[in-house]
$ cat protein_25.cif   # mmCIF, C-alpha atoms
data_query
#
loop_
_atom_site.label_atom_id
_atom_site.label_comp_id
_atom_site.auth_asym_id
_atom_site.auth_seq_id
_atom_site.Cartn_x
_atom_site.Cartn_y
_atom_site.Cartn_z
CA MET A 1 89.27 89.26 94.50
CA ILE A 2 92.05 90.47 96.79
CA LEU A 3 95.25 91.82 95.23
CA TYR A 4 98.29 91.06 97.37
CA PRO A 5 101.40 93.16 96.65
CA ALA A 6 104.44 90.91 97.12
CA ILE A 7 107.57 91.76 99.06
CA ASP A 8 110.18 89.05 98.61
CA LEU A 9 113.03 89.36 101.09
CA LYS A 10 116.63 88.39 100.36
CA ASP A 11 119.54 89.54 102.53
CA GLY A 12 117.29 92.17 104.11
CA ASN A 13 116.24 93.74 100.79
CA ALA A 14 113.00 93.70 98.82
CA VAL A 15 113.86 91.77 95.63
CA ARG A 16 112.30 89.87 92.77
CA LEU A 17 113.55 86.62 91.28
CA VAL A 18 112.93 85.00 87.90
CA HIS A 19 111.66 81.39 88.09
CA GLY A 20 112.75 81.31 91.74
CA GLU A 21 116.46 81.42 90.92
CA MET A 22 118.31 83.14 93.77
CA GLY A 23 121.06 84.25 91.40
CA SER A 24 118.51 86.22 89.38
CA ALA A 25 117.60 88.58 92.21
CA THR A 26 116.94 92.23 91.37
CA VAL A 27 116.92 94.57 94.37
CA PHE A 28 113.98 96.96 94.18
CA ASN A 29 114.17 98.49 97.65
CA ASP A 30 116.73 98.27 100.44
CA ASP A 31 114.05 99.37 102.92
CA PRO A 32 111.28 96.75 102.81
CA ALA A 33 109.20 98.56 105.44
CA ALA A 34 109.19 101.71 103.30
CA GLN A 35 108.10 99.60 100.33
CA ALA A 36 105.31 98.09 102.39
CA ARG A 37 104.14 101.54 103.50
CA ALA A 38 104.04 102.67 99.86
CA PHE A 39 101.80 99.71 98.99
CA VAL A 40 99.52 100.50 101.93
CA GLU A 41 99.32 104.17 100.94
CA ALA A 42 98.21 103.04 97.47
CA GLY A 43 95.29 101.28 99.11
CA CYS A 44 96.21 97.59 99.43
CA GLU A 45 94.26 95.57 102.00
CA TRP A 46 96.83 92.79 102.45
CA LEU A 47 100.59 92.25 102.05
CA HIS A 48 102.28 89.06 100.85
CA LEU A 49 105.76 88.49 102.32
CA VAL A 50 108.31 85.81 101.44
CA ASP A 51 111.54 85.06 103.31
CA LEU A 52 113.57 83.74 100.36
CA ASN A 53 116.69 83.00 102.40
CA GLY A 54 114.50 81.25 104.94
CA ALA A 55 112.95 79.01 102.30
CA PHE A 56 116.41 77.59 101.55
CA ALA A 57 117.68 77.62 105.14
CA GLY A 58 114.58 75.96 106.59
CA GLU A 59 114.28 78.63 109.28
CA PRO A 60 113.52 82.37 109.39
CA VAL A 61 116.40 84.51 108.12
CA ASN A 62 114.75 87.85 107.32
CA ALA A 63 112.85 88.19 110.59
CA ALA A 64 114.01 91.77 111.21
CA PRO A 65 112.56 93.30 108.02
CA VAL A 66 109.34 91.28 108.45
CA GLU A 67 108.95 92.62 111.98
CA ALA A 68 109.63 96.15 110.70
CA ILE A 69 106.87 95.73 108.10
CA LEU A 70 104.42 94.42 110.71
CA ALA A 71 105.21 97.39 112.96
CA ALA A 72 104.91 99.94 110.15
CA CYS A 73 101.74 98.74 108.41
CA PRO A 74 98.15 98.54 109.67
CA VAL A 75 96.98 96.00 107.06
CA PRO A 76 97.19 92.23 107.59
CA ALA A 77 100.18 90.36 106.16
CA GLN A 78 100.87 86.76 105.22
CA LEU A 79 104.37 85.24 105.29
CA GLY A 80 105.98 82.16 103.82
CA GLY A 81 109.53 80.83 103.66
CA GLY A 82 111.34 78.64 106.18
CA ILE A 83 108.43 78.18 108.59
CA ARG A 84 108.59 74.51 109.48
CA ASP A 85 107.73 74.01 113.16
CA MET A 86 105.04 74.99 115.66
CA ALA A 87 107.36 77.22 117.68
CA THR A 88 108.07 79.40 114.64
CA ILE A 89 104.40 79.49 113.68
CA GLU A 90 103.40 80.55 117.19
CA ARG A 91 106.14 83.19 117.32
CA TRP A 92 104.94 84.83 114.11
CA ILE A 93 101.29 84.80 115.18
CA ASP A 94 102.31 86.40 118.49
CA LYS A 95 104.17 89.12 116.57
CA GLY A 96 101.00 90.05 114.74
CA LEU A 97 101.24 88.10 111.50
CA ALA A 98 97.75 87.49 110.14
CA ARG A 99 98.51 84.37 108.13
CA VAL A 100 101.36 81.86 108.06
CA ILE A 101 102.03 80.08 104.76
CA LEU A 102 103.31 76.51 105.03
CA GLY A 103 104.88 75.13 101.88
CA THR A 104 107.62 72.53 102.26
CA VAL A 105 106.09 71.08 105.43
CA ALA A 106 102.76 70.64 103.67
CA VAL A 107 104.51 67.91 101.68
CA GLU A 108 106.96 66.62 104.26
CA ASN A 109 104.91 66.94 107.45
CA PRO A 110 101.20 67.43 106.67
CA ALA A 111 100.33 66.60 110.28
CA LEU A 112 101.97 69.90 111.28
CA VAL A 113 99.64 71.81 108.94
CA ARG A 114 96.64 70.17 110.57
CA GLU A 115 97.95 70.78 114.08
CA ALA A 116 98.66 74.44 113.30
CA ALA A 117 95.25 74.97 111.67
CA ARG A 118 93.58 73.60 114.81
CA ALA A 119 95.73 75.73 117.11
CA PHE A 120 95.39 78.94 115.09
CA PRO A 121 92.09 78.81 113.20
CA GLY A 122 91.90 81.30 110.35
CA HIS A 123 95.64 81.96 110.39
CA MET A 124 97.10 79.11 108.32
CA ALA A 125 97.57 78.82 104.56
CA VAL A 126 99.19 76.19 102.38
CA GLY A 127 101.64 77.30 99.72
CA ILE A 128 101.67 75.00 96.70
CA ASP A 129 104.48 75.77 94.26
CA ALA A 130 104.51 73.68 91.11
CA ARG A 131 106.37 73.06 87.87
CA ALA A 132 104.18 71.39 85.24
CA GLY A 133 101.69 70.47 87.95
CA LYS A 134 104.22 68.80 90.27
CA VAL A 135 105.07 70.31 93.64
CA ALA A 136 108.56 71.70 94.34
CA THR A 137 109.87 72.28 97.87
CA LYS A 138 112.74 73.88 99.81
CA GLY A 139 112.70 77.19 97.98
CA TRP A 140 111.69 75.36 94.77
CA ALA A 141 115.08 73.64 94.73
CA GLU A 142 113.72 70.11 95.12
CA GLU A 143 111.25 68.43 92.75
CA THR A 144 108.66 65.95 93.99
CA ASN A 145 106.21 63.58 92.32
CA VAL A 146 103.34 65.09 94.29
CA ASP A 147 100.49 66.40 92.16
CA ALA A 148 99.47 69.95 93.10
CA THR A 149 95.74 69.23 93.01
CA ASP A 150 96.10 66.05 95.05
CA LEU A 151 98.05 67.97 97.69
CA ALA A 152 95.38 70.67 97.84
CA LYS A 153 92.59 68.10 98.17
CA SER A 154 94.40 66.41 101.04
CA PHE A 155 93.87 69.52 103.18
CA GLU A 156 90.16 69.96 102.45
CA ASP A 157 89.21 68.96 105.99
CA ALA A 158 92.20 70.52 107.76
CA GLY A 159 90.77 73.99 108.36
CA VAL A 160 93.34 75.98 106.37
CA SER A 161 92.09 79.40 105.28
CA ALA A 162 93.77 79.65 101.88
CA ILE A 163 95.91 77.96 99.25
CA ILE A 164 98.53 80.07 97.50
CA TYR A 165 99.24 78.42 94.16
CA THR A 166 102.40 79.45 92.34
CA ASP A 167 103.32 78.38 88.82
CA ILE A 168 107.10 78.50 89.15
CA LEU A 169 107.79 78.79 85.44
CA ARG A 170 105.65 81.95 85.31
CA ASP A 171 107.06 83.56 88.45
CA GLY A 172 108.90 86.82 87.82
CA ALA A 173 108.82 86.24 84.07
CA MET A 174 106.13 88.84 83.24
CA LYS A 175 104.47 86.38 80.85
CA GLY A 176 101.07 86.18 82.50
CA PRO A 177 99.72 83.73 85.09
CA ASN A 178 98.69 80.17 84.43
CA ILE A 179 94.99 80.96 84.60
CA GLU A 180 93.85 77.56 83.33
CA ALA A 181 95.76 75.57 85.96
CA THR A 182 94.87 77.96 88.78
CA GLU A 183 91.19 77.94 87.87
CA ALA A 184 91.19 74.14 87.66
CA LEU A 185 92.73 73.92 91.12
CA ALA A 186 90.23 76.41 92.53
CA ARG A 187 87.35 74.40 91.09
CA ALA A 188 88.76 71.17 92.52
CA VAL A 189 88.76 72.31 96.15
CA SER A 190 86.54 74.33 98.48
CA ILE A 191 89.52 76.16 100.06
CA PRO A 192 89.96 79.71 98.64
CA VAL A 193 92.80 79.76 96.10
CA THR A 194 95.15 82.70 95.47
CA ALA A 195 97.05 82.88 92.17
CA SER A 196 100.77 83.66 92.15
CA GLY A 197 103.39 83.79 89.42
CA GLY A 198 103.41 85.82 86.23
CA VAL A 199 100.70 88.38 87.05
CA SER A 200 101.97 91.20 84.85
CA SER A 201 99.05 93.40 83.76
CA LEU A 202 95.65 94.68 84.76
CA ALA A 203 94.23 92.38 82.09
CA ASP A 204 95.76 89.40 83.94
CA LEU A 205 94.08 90.48 87.15
CA ILE A 206 90.71 90.96 85.47
CA ALA A 207 90.99 87.54 83.80
CA LEU A 208 91.75 85.88 87.14
CA ARG A 209 88.85 87.67 88.81
CA ASP A 210 86.47 86.81 86.01
CA THR A 211 86.97 83.07 86.52
CA GLY A 212 84.64 83.60 89.46
CA VAL A 213 86.51 81.05 91.58
CA ILE A 214 89.95 82.56 92.25
CA SER A 215 89.86 84.51 95.51
CA GLY A 216 93.14 86.43 95.25
CA ALA A 217 96.15 87.30 93.15
CA ILE A 218 99.74 88.09 94.10
CA SER A 219 101.83 90.49 92.04
CA GLY A 220 105.39 91.62 92.56
CA ARG A 221 107.62 92.54 89.65
CA ALA A 222 104.79 94.16 87.67
CA LEU A 223 104.17 96.57 90.56
CA TYR A 224 107.85 97.42 90.91
CA ASP A 225 108.33 97.85 87.16
CA GLY A 226 105.20 99.96 86.83
CA ALA A 227 103.43 97.53 84.50
CA ILE A 228 100.59 97.55 87.04
CA ASP A 229 99.56 100.71 88.87
CA LEU A 230 98.49 99.40 92.26
CA ALA A 231 95.96 102.10 93.09
CA ALA A 232 94.36 101.87 89.64
CA ALA A 233 94.29 98.06 89.78
CA LEU A 234 92.65 98.03 93.20
CA LYS A 235 89.99 100.44 91.96
CA ALA A 236 89.37 98.40 88.80
CA LEU A 237 89.01 95.15 90.72
CA LYS A 238 86.47 96.70 93.07
CA GLY A 239 84.60 98.12 90.08
#

$ encode --input "protein_25.cif" --output "structure tokens"
Amino acid sequence: MILYPAIDLKDGNAVRLVHGEMGSATVFNDDPAAQARAFVEAGCEWLHLVDLNGAFAGEPVNAAPVEAILAACPVPAQLGGGIRDMATIERWIDKGLARVILGTVAVENPALVREAARAFPGHMAVGIDARAGKVATKGWAEETNVDATDLAKSFEDAGVSAIIYTDILRDGAMKGPNIEATEALARAVSIPVTASGGVSSLADLIALRDTGVISGAISGRALYDGAIDLAAALKALKG
């Protein structure tokens, strides 16, 4: 199981939110590239980046710090937030991004997901963010009646390389991930599923890994707060 350290970007800073509320932002580093380098030096094999402003604006806002991270770090990175057209997808791939995460457009324009997956095989992921099993879009600000598992199943034949499943009510709350829901989703589809939201201890990571079906886990606040030691966690997961 891959552990993805998360760098959430708001106004050019690396921050963490609680339940996705922009007003709850805590700034952990005003130099996101330095934060990314620290994660890489600890041994991470991937980085998970989110343009929080972009998720609300519907277009990239924190492009400069993302580009700085890509330039500074040799490991692959995935990015979500405000990526809603082919031109933006192509621009990020050209800049060296390993994986583009499509969230809102997966609900509003699924044809774009399919087109992008055909154009850039191996580089597209679908971000599914849910409250009580129902998908939320536009930076989690808008609720839908779309079931998370149904949405995931709809992309089974699209060629996407991953699904990033976030339980919004767990995100940033340090209360543990929704292992049951994430495992159920992973068992319902053949696409590799990454867990996000609430991962707050090494025990959480081990429990996710031990399901045998969850391919990755994203952690943010726990790494910044020191609840998870990244180097130790990476070693334990490999063990």

$ closest_atom_pairs --input "protein_25.cif" --of "segment 36-61 of chain A" --to "segment 202-225 of chain A" --cutoff "12 Å" --atoms "all atoms listed in the file" --output "JSON lines"
{"residue": "A:Ala36", "atom": "CA", "partner": "A:Gly220", "partner_atom": "CA", "distance": 11.8}
{"residue": "A:Ala38", "atom": "CA", "partner": "A:Tyr224", "partner_atom": "CA", "distance": 11.1}
{"residue": "A:Phe39", "atom": "CA", "partner": "A:Leu223", "partner_atom": "CA", "distance": 9.3}
{"residue": "A:Ala42", "atom": "CA", "partner": "A:Leu223", "partner_atom": "CA", "distance": 11.2}
{"residue": "A:Cys44", "atom": "CA", "partner": "A:Ile218", "partner_atom": "CA", "distance": 11.5}
{"residue": "A:Glu45", "atom": "CA", "partner": "A:Gly216", "partner_atom": "CA", "distance": 11.4}
{"residue": "A:Trp46", "atom": "CA", "partner": "A:Ile218", "partner_atom": "CA", "distance": 10.0}
{"residue": "A:Leu47", "atom": "CA", "partner": "A:Ile218", "partner_atom": "CA", "distance": 9.0}
{"residue": "A:His48", "atom": "CA", "partner": "A:Ile218", "partner_atom": "CA", "distance": 7.3}
{"residue": "A:Leu49", "atom": "CA", "partner": "A:Ile218", "partner_atom": "CA", "distance": 10.2}
{"residue": "A:Val50", "atom": "CA", "partner": "A:Gly220", "partner_atom": "CA", "distance": 11.0}

$ closest_residue --input "protein_25.cif" --among "A:Pro192, A:Pro65, A:Gly58, A:Gly122" --to "Asn13 of chain A" --atoms "only C-alpha atoms"
A:Pro65

$ closest_residue --input "protein_25.cif" --among "A:Gly43, A:Lys10, A:Gly198, A:Ala132" --to "Lys238 of chain A" --atoms "only C-alpha atoms"
A:Gly43

$ closest_residue --input "protein_25.cif" --among "A:Leu151, A:Val199, A:Met174, A:Leu70" --to "Asp94 of chain A" --atoms "only C-alpha atoms"
A:Leu70

$ resolve_selection --input "protein_25.cif" --expression "the PyMOL selection byres ((chain A and resi 155) around 9)" --output "VMD selection string"
chain A and resid 106 110 113 to 114 126 151 to 154 156 to 160 191

$ closest_residue --input "protein_25.cif" --among "A:Ala116, A:Val107, A:Ile228, A:Val189" --to "Ile128 of chain A" --atoms "all atoms listed in the file"
A:Val107

$ closest_residue --input "protein_25.cif" --among "A:Ala63, A:Ile179, A:Ala227, A:Ile101" --to "Leu9 of chain A" --atoms "all atoms listed in the file"
A:Ala63

$ closest_residue --input "protein_25.cif" --among "A:Ala71, A:Ala125, A:Ile168, A:Ala233" --to "Val193 of chain A" --atoms "only C-alpha atoms"
A:Ala125

$ atom_distance --input "protein_25.cif" --atom1 "atom CA of Ala195 of chain A" --atom2 "atom CA of Tyr165 of chain A"
5.4 Å

$ axis_aligned_box --input "protein_25.cif" --around "segment 136-146 of chain A" --padding-each-side "3 Å" --output "AutoDock Vina command-line options"
--center_x 109.2 --center_y 70.4 --center_z 96.1 --size_x 17.7 --size_y 19.6 --size_z 13.5

$ atom_distance --input "protein_25.cif" --atom1 "atom CA of Asp229 of chain A" --atom2 "atom CA of Val40 of chain A"
13.1 Å

$ atom_distance --input "protein_25.cif" --atom1 "atom CA of Ala55 of chain A" --atom2 "atom CA of Gly81 of chain A"
4.1 Å

$ resolve_selection --input "protein_25.cif" --expression "the PyMOL selection byres ((chain A and resi 129) around 8)" --output "list in words"
Gly103, Gly127, Ile128, Ala130, Arg131, Val135, Ala136, Thr137, Trp140, Ala148, Tyr165, Thr166, Asp167 and Ile168 of chain A
